[in-house]
Amino acid sequence: MSSSMRPLVRPLYGLAFGLAAALSLPAMANDFPTNERVDYVFECMREHPGPYFEMSSKCSCALDAIAREISFEDYRTMHTAALANTIGGERGGYYRGKHWRGEVRKYNELQAKAKEGCFINTSAASR
């Protein structure tokens, strides 16, 4: 390739990269807020102790898998119901009712599938 053609090739690389990035935008439609991602990863790492880098990568993978399946609004509803379901007494009773059981079940199934896909050993969970 002659040196006079090289300046024309660089913009084409940029165009190709930009097009590839634009085509991947739908995958980001269920992107979760950074703070929520951090909270999930820390909670996951607390429940599944192991080497820091390995577990932070696996737990991040798990949330990415969940984010591909559901919107953040659905995640927030399910996650809140799952956490509130563990509250004892009357305060948690509302979330243990019929209406929320399905949400808690869906959340637990999504989480189990994500953790399995990201090689998180759930038998060693410390809760």
# chains A, B, ... in the order shown; residues from 1 in each chain; ligands from 1

call {"tool": "residues_around", "arguments": {"residues": "A:Ala67", "least_positions_apart": "5", "cutoff": "12 Å", "atoms": "only C-alpha atoms", "output": "PyMOL selection string"}}
result
chain A and resi 27-33+36-37+40+60-62+72-76+107+110-111+114

call {"tool": "write_last_selection", "arguments": {"atoms": "C-alpha atoms", "output": "compact mmCIF listing (two decimals), in the first residue's frame"}}
result
# COMPACT_ATOMS: atom_id res chain seq x y z
CA ALA A 27 -26.97 -4.85 24.50
CA MET A 28 -26.53 -1.91 26.87
CA ALA A 29 -30.28 -1.26 27.12
CA ASN A 30 -30.47 -2.93 30.54
CA ASP A 31 -27.37 -1.29 31.90
CA PHE A 32 -27.51 -0.94 35.67
CA PRO A 33 -26.24 2.07 37.65
CA GLU A 36 -25.91 -0.97 42.07
CA ARG A 37 -23.25 -3.00 40.26
CA TYR A 40 -24.06 -6.53 43.96
CA SER A 60 -19.33 -9.01 37.90
CA CYS A 61 -20.01 -11.70 35.31
CA ALA A 62 -23.07 -12.82 37.28
CA PHE A 72 -32.98 -2.60 36.03
CA GLU A 73 -36.51 -1.80 37.21
CA ASP A 74 -37.41 -5.51 37.28
CA TYR A 75 -34.11 -6.29 39.02
CA ARG A 76 -34.75 -3.65 41.67
CA TYR A 107 -34.85 -13.60 41.27
CA LEU A 110 -31.96 -15.83 37.70
CA GLN A 111 -29.22 -15.57 40.28
CA ALA A 114 -26.03 -16.48 36.44

call {"tool": "residues_around", "arguments": {"residues": "stretch 81-89 of chain A", "least_positions_apart": "5", "cutoff": "10 Å", "atoms": "only C-alpha atoms", "output": "VMD selection string"}}
result
chain A and resid 75 to 76 94 to 97 100 to 108

call {"tool": "residues_around", "arguments": {"residues": "A:Ser57", "least_positions_apart": "6", "cutoff": "10 Å", "atoms": "only C-alpha atoms", "output": "list in words"}}
result
Val41, Met45 and Cys118 of chain A

call {"tool": "closest_residue", "arguments": {"among": "A:Ser56, A:Ser123, A:Thr80, A:Ser71", "to": "A:Cys44", "atoms": "only C-alpha atoms"}}
result
A:Ser56
